[in-house]
Amino acid sequence: MTQEPIERWRSETPGCARRVHLNNAGAALMPDPVLSACTEHLELEADIGGYEAAAARVTEIAAVYDDLARLIGSRATNVAVVANATAGFIQAITSFDLSPGDVIVTTRADYTSYQIQFLSLAQRRGVVVKHAADLPEGGVDPESIRELARDPRCRLVHVSWVPTHSGVIQDAEGVGRVCEELGVPYLVDACQAVGQLPIDVARLRCDYLTATARKFLRGPRGVGFMYASDRALARGDHPLYVDMRGARWVDADQYEIAPTAMRYEDWEFPYALVLGLGAAVRYALAVGVELAGNRAFALARRARASLAGIPDTRVLDGGREQCAIVTASFGQHDAREIVKELSRQNINTTASLRWYGLLDFTEKQVQSAIRISPHYYNTEQEVDEAIAAIGRLVDSAPCS
């Protein structure tokens with residue numbers, strides 16, 4: 001790749017001038033068009049009023065659904081805008097009337113919030129949560145999913161395509177094939193995938209997919225989206241706490257759900273963020289998700305190779321495929337302290353703690369790890385600078 005597009009992406013990203021931002025799995029730096037979309041609508045709300053501003057932008061707001069549909073290979077009627085990926089997950093999971101003894105199959109690497117919510121369902125509703133085994137090299141084994149999901153009480157399968165604490169890319173398509181064969185509803189957490197992996201919901205064969213704007217998609221914080229398949233809509237799936245955007249009150253003791261994925265939305269909307277989400281999707285499509293991912297993956301491979309040369313360092317990412325999330329531990333060093341010191345040098349990373357990936361990190365005997373997540377607008381020099389700084393800190397810092 002030539003320098004021209006990289007320089008252009010960086011010039012359109014004001015934060016690049018001030019920091020080395022390697023926390024794109026947390027919240028990526030927004031490009032100018034995203035920031036402008038948000039601030040312009042806030043200014044319009046201040047000028048003419050919130051309801052009136054939304055009415056004035058009704059065409060642009062509707063276009064966001066078309067943009068999201070293009071991003072994931074669906075139709076706009078299958079897309080809902082939600083507060084974040086976890087909110088979308090809750091809307092999807094509460095669409096199932098779970099009973100004691102019903103089985104949920106998930107993976108050892110699924111996102112912490114979802115693992116906790118599964119445990120809450122187990123404790124409060126008597127649901128049985130089963131974790132599929134990993135492949136020897138890492139990432140969920142679709143055949144283990146098959147064995148567990150054959151249980152006649154299995155109500156759904158959930159997979160975090162890319163975990164928050166690891167660079168492994170789980171075989172979401174392979175799991176989708178298994179779920180389709182067994183006729184089991186399938187939920188995909190694409191929070192860390194969107195923006196770095198091309199998404200085609202037809203290939204995933206999922207009933208639901210959830211994601212957020214702020215990570216590799218480079219959108220604003222506080223908004224996300226979800227996909228609901230035609231079969232989910234046809235089943236009459238709708239969240240337990242559907243509100244007046246997702247349904248109409250048609251009789252004293254009756255409501256009627258919306259025919260589209262709007263049934264998963266709330267009436268209250270941060271329209272400035274919705275427009276920012278649309279701008280982020282258009283920007284990602286203009287860059288090219290595959291191109292963006294390939295460059296980010298290359299920078300991540302560079303980081304892994306350099307980290308491996310630092311004494312007492314373990315690079316933790318496994319799997320047949322790895323993405324732009326890099327995790328590493330440093331013996332008895334507390335990763336949080338390293339992250340703090342890097343921040344003082346204007347280098348953004350974050351720490352993953354044992355309980356963020358409890359099953360995986362316990363097996364690996366890891367208490368904390370640094371998470372480095374480059375994106376396509378980062379440079380090789382930035383990655384090298386960050387790894388060199390980590391090396392100096394590990395060499396000089398006392399163990400915790």
# chains A, B, ... in the order shown; residues from 1 in each chain; ligands from 1
$ select_by_dssp --residues "region 119-263 of chain A" --states "strand (DSSP E)" --output "PyMOL selection string"
chain A and resi 128-132+154-160+186-189+208-212+224-228+247-251+254-257
$ write_last_selection --atoms "N, CA and C atoms" --output "compact mmCIF listing (two decimals), in the first residue's frame"
# COMPACT_ATOMS: atom_id res chain seq x y z
N VAL A 128 -29.86 -23.82 31.82
CA VAL A 128 -28.58 -24.53 31.86
C VAL A 128 -27.66 -23.93 30.81
N VAL A 129 -26.49 -23.48 31.24
CA VAL A 129 -25.51 -22.88 30.32
C VAL A 129 -24.39 -23.88 30.08
N LYS A 130 -24.14 -24.19 28.80
CA LYS A 130 -23.08 -25.13 28.44
C LYS A 130 -22.06 -24.44 27.56
N HIS A 131 -20.77 -24.64 27.87
CA HIS A 131 -19.68 -24.05 27.11
C HIS A 131 -19.07 -25.09 26.19
N ALA A 132 -19.05 -24.78 24.90
CA ALA A 132 -18.43 -25.68 23.93
C ALA A 132 -16.92 -25.69 24.12
N CYS A 154 -32.06 -27.50 23.94
CA CYS A 154 -31.25 -26.35 23.51
C CYS A 154 -32.13 -25.32 22.82
N ARG A 155 -32.16 -24.12 23.36
CA ARG A 155 -33.00 -23.06 22.81
C ARG A 155 -32.24 -22.10 21.93
N LEU A 156 -30.93 -21.97 22.16
CA LEU A 156 -30.16 -21.04 21.34
C LEU A 156 -28.67 -21.28 21.53
N VAL A 157 -27.91 -20.82 20.53
CA VAL A 157 -26.44 -20.84 20.55
C VAL A 157 -25.97 -19.40 20.42
N HIS A 158 -24.98 -19.02 21.22
CA HIS A 158 -24.42 -17.67 21.14
C HIS A 158 -22.91 -17.75 21.00
N VAL A 159 -22.35 -16.95 20.09
CA VAL A 159 -20.91 -16.92 19.86
C VAL A 159 -20.43 -15.47 19.75
N SER A 160 -19.41 -15.12 20.51
CA SER A 160 -18.67 -13.88 20.28
C SER A 160 -17.67 -14.16 19.17
N TYR A 186 -29.53 -18.90 16.39
CA TYR A 186 -28.10 -18.59 16.50
C TYR A 186 -27.92 -17.08 16.65
N LEU A 187 -27.20 -16.68 17.70
CA LEU A 187 -26.92 -15.28 17.98
C LEU A 187 -25.42 -15.04 17.85
N VAL A 188 -25.05 -13.98 17.13
CA VAL A 188 -23.65 -13.64 16.92
C VAL A 188 -23.35 -12.27 17.52
N ASP A 189 -22.37 -12.23 18.38
CA ASP A 189 -21.82 -10.97 18.89
C ASP A 189 -20.72 -10.54 17.94
N TYR A 208 -29.74 -13.57 14.88
CA TYR A 208 -29.46 -12.24 15.41
C TYR A 208 -27.97 -11.94 15.31
N LEU A 209 -27.66 -10.67 15.14
CA LEU A 209 -26.28 -10.19 15.19
C LEU A 209 -26.31 -8.84 15.88
N THR A 210 -25.38 -8.61 16.78
CA THR A 210 -25.32 -7.35 17.52
C THR A 210 -23.93 -6.74 17.40
N ALA A 211 -23.88 -5.41 17.44
CA ALA A 211 -22.60 -4.71 17.31
C ALA A 211 -22.73 -3.30 17.86
N THR A 212 -21.59 -2.66 18.05
CA THR A 212 -21.55 -1.28 18.51
C THR A 212 -20.86 -0.42 17.48
N GLY A 224 -25.36 1.64 18.86
CA GLY A 224 -25.01 0.38 18.21
C GLY A 224 -26.14 -0.07 17.32
N PHE A 225 -26.08 -1.30 16.87
CA PHE A 225 -27.14 -1.80 16.01
C PHE A 225 -27.26 -3.31 16.16
N MET A 226 -28.37 -3.84 15.69
CA MET A 226 -28.59 -5.28 15.68
C MET A 226 -29.32 -5.68 14.41
N TYR A 227 -29.14 -6.93 14.06
CA TYR A 227 -29.82 -7.53 12.91
C TYR A 227 -30.72 -8.63 13.42
N ALA A 228 -31.94 -8.70 12.88
CA ALA A 228 -32.87 -9.79 13.16
C ALA A 228 -33.27 -10.40 11.83
N ALA A 247 -43.98 -1.43 19.18
CA ALA A 247 -45.33 -1.99 19.19
C ALA A 247 -46.36 -0.87 19.33
N ARG A 248 -47.60 -1.19 18.94
CA ARG A 248 -48.73 -0.28 19.10
C ARG A 248 -49.70 -0.87 20.11
N TRP A 249 -50.25 0.00 20.94
CA TRP A 249 -51.28 -0.40 21.90
C TRP A 249 -52.62 -0.33 21.17
N VAL A 250 -53.18 -1.48 20.82
CA VAL A 250 -54.35 -1.51 19.92
C VAL A 250 -55.66 -1.79 20.65
N ASP A 251 -55.60 -2.29 21.85
CA ASP A 251 -56.80 -2.54 22.64
C ASP A 251 -56.40 -2.51 24.11
N GLN A 254 -54.24 -5.55 24.66
CA GLN A 254 -53.57 -6.10 23.48
C GLN A 254 -52.60 -5.10 22.87
N TYR A 255 -51.45 -5.60 22.43
CA TYR A 255 -50.51 -4.78 21.66
C TYR A 255 -50.15 -5.52 20.39
N GLU A 256 -49.66 -4.76 19.43
CA GLU A 256 -49.32 -5.31 18.11
C GLU A 256 -47.88 -4.92 17.79
N ILE A 257 -47.01 -5.93 17.60
CA ILE A 257 -45.60 -5.63 17.38
C ILE A 257 -45.37 -5.12 15.97
$ residues_around --residues "region 300-306 of chain A" --least-positions-apart "4" --cutoff "7 Å" --atoms "only C-alpha atoms" --output "PyMOL selection string"
chain A and resi 296+315+324-326+374+383+387
$ closest_residue --among "A:Gly50, A:Gly319, A:Gly331, A:Pro185" --to "Val162 (chain A)" --atoms "only C-alpha atoms"
A:Gly319
$ residues_around --residues "Arg218 (chain A)" --least-positions-apart "4" --cutoff "8 Å" --atoms "only C-alpha atoms" --output "PyMOL selection string"
chain A and resi 24+27-31+195+213-214+280
$ residues_around --residues "Lys340 (chain A)" --least-positions-apart "6" --cutoff "10 Å" --atoms "only C-alpha atoms" --output "PyMOL selection string"
chain A and resi 346-351
$ residues_around --residues "Ser343 (chain A)" --least-positions-apart "6" --cutoff "12 Å" --atoms "only C-alpha atoms" --output "JSON, numbers by chain"
{"A": [18, 19, 20, 21, 22, 23, 336, 337, 349, 350, 351, 386, 389, 390]}
$ atom_distance --atom1 "CA of Val287 (chain A)" --atom2 "CA of Leu275 (chain A)"
18.5 Å
$ closest_residue --among "A:Thr2, A:Tyr51, A:Asp32, A:Gln322" --to "Tyr271 (chain A)" --atoms "only C-alpha atoms"
A:Tyr51
$ residues_around --residues "Glu147 (chain A)" --least-positions-apart "2" --cutoff "12 Å" --atoms "only C-alpha atoms" --output "list in words"
Val105, Lys130, His131, Ala132, Ala133, Asp141, Pro142, Glu143, Ser144, Ile145, Ala149, Arg150, Asp151, Pro152, Cys154, Val157, Val175, Val178, Cys179 and Leu182 of chain A
$ residues_around --residues "Ala279 (chain A)" --least-positions-apart "6" --cutoff "12 Å" --atoms "only C-alpha atoms" --output "PDB file with C-alpha atoms, in the first residue's frame"
ATOM      1  CA  MET A  30     -13.534   9.115  14.894  1.00  0.00           C
ATOM      2  CA  PRO A  31     -12.795  10.594  11.462  1.00  0.00           C
ATOM      3  CA  ASP A  32     -13.948  14.122  10.605  1.00  0.00           C
ATOM      4  CA  PRO A  33     -17.170  13.120   8.787  1.00  0.00           C
ATOM      5  CA  VAL A  34     -18.393  11.202  11.848  1.00  0.00           C
ATOM      6  CA  LEU A  35     -17.626  14.049  14.224  1.00  0.00           C
ATOM      7  CA  SER A  36     -19.291  16.542  11.878  1.00  0.00           C
ATOM      8  CA  ALA A  37     -22.441  14.432  11.556  1.00  0.00           C
ATOM      9  CA  CYS A  38     -22.818  14.353  15.344  1.00  0.00           C
ATOM     10  CA  GLU A  60     -30.881  11.140   6.501  1.00  0.00           C
ATOM     11  CA  ILE A  61     -31.928   9.065   9.521  1.00  0.00           C
ATOM     12  CA  ALA A  63     -30.581   6.285   5.160  1.00  0.00           C
ATOM     13  CA  VAL A  64     -28.610   5.020   8.174  1.00  0.00           C
ATOM     14  CA  TYR A  65     -30.597   1.772   8.036  1.00  0.00           C
ATOM     15  CA  ASP A  66     -29.763   1.381   4.351  1.00  0.00           C
ATOM     16  CA  ASP A  67     -26.085   1.988   5.136  1.00  0.00           C
ATOM     17  CA  LEU A  68     -26.086  -0.625   7.903  1.00  0.00           C
ATOM     18  CA  ALA A 213     -20.374   1.819  16.668  1.00  0.00           C
ATOM     19  CA  LEU A 217     -16.247   0.843  12.891  1.00  0.00           C
ATOM     20  CA  ARG A 218     -14.948   4.208  14.203  1.00  0.00           C
ATOM     21  CA  GLY A 219     -18.353   5.565  15.142  1.00  0.00           C
ATOM     22  CA  PRO A 220     -19.438   7.559  18.200  1.00  0.00           C
ATOM     23  CA  ALA A 272     -26.896  12.870  16.674  1.00  0.00           C
ATOM     24  CA  LEU A 273     -25.213   9.543  17.406  1.00  0.00           C
ATOM     25  CA  LEU A 285     -17.430   1.206   3.138  1.00  0.00           C
ATOM     26  CA  ALA A 286     -15.486   3.892   1.259  1.00  0.00           C
TER      27      ALA A 286
END
$ closest_residue --among "A:Val201, A:Met262, A:Leu359, A:Leu233" --to "Gly73 (chain A)" --atoms "only C-alpha atoms"
A:Val201
$ atom_distance --atom1 "CA of Ala232 (chain A)" --atom2 "CA of Gly176 (chain A)"
14.7 Å
$ closest_residue --among "A:Thr86, A:Thr94, A:Thr362, A:Ser113" --to "His238 (chain A)" --atoms "only C-alpha atoms"
A:Thr94
$ closest_residue --among "A:Ala46, A:Ala54, A:Ala292, A:Leu204" --to "Phe216 (chain A)" --atoms "only C-alpha atoms"
A:Ala292
$ atom_distance --atom1 "CA of Gln365 (chain A)" --atom2 "CA of Leu135 (chain A)"
18.6 Å
$ closest_residue --among "A:Leu42, A:Gly15, A:Ala193, A:Leu240" --to "Leu98 (chain A)" --atoms "only C-alpha atoms"
A:Leu240
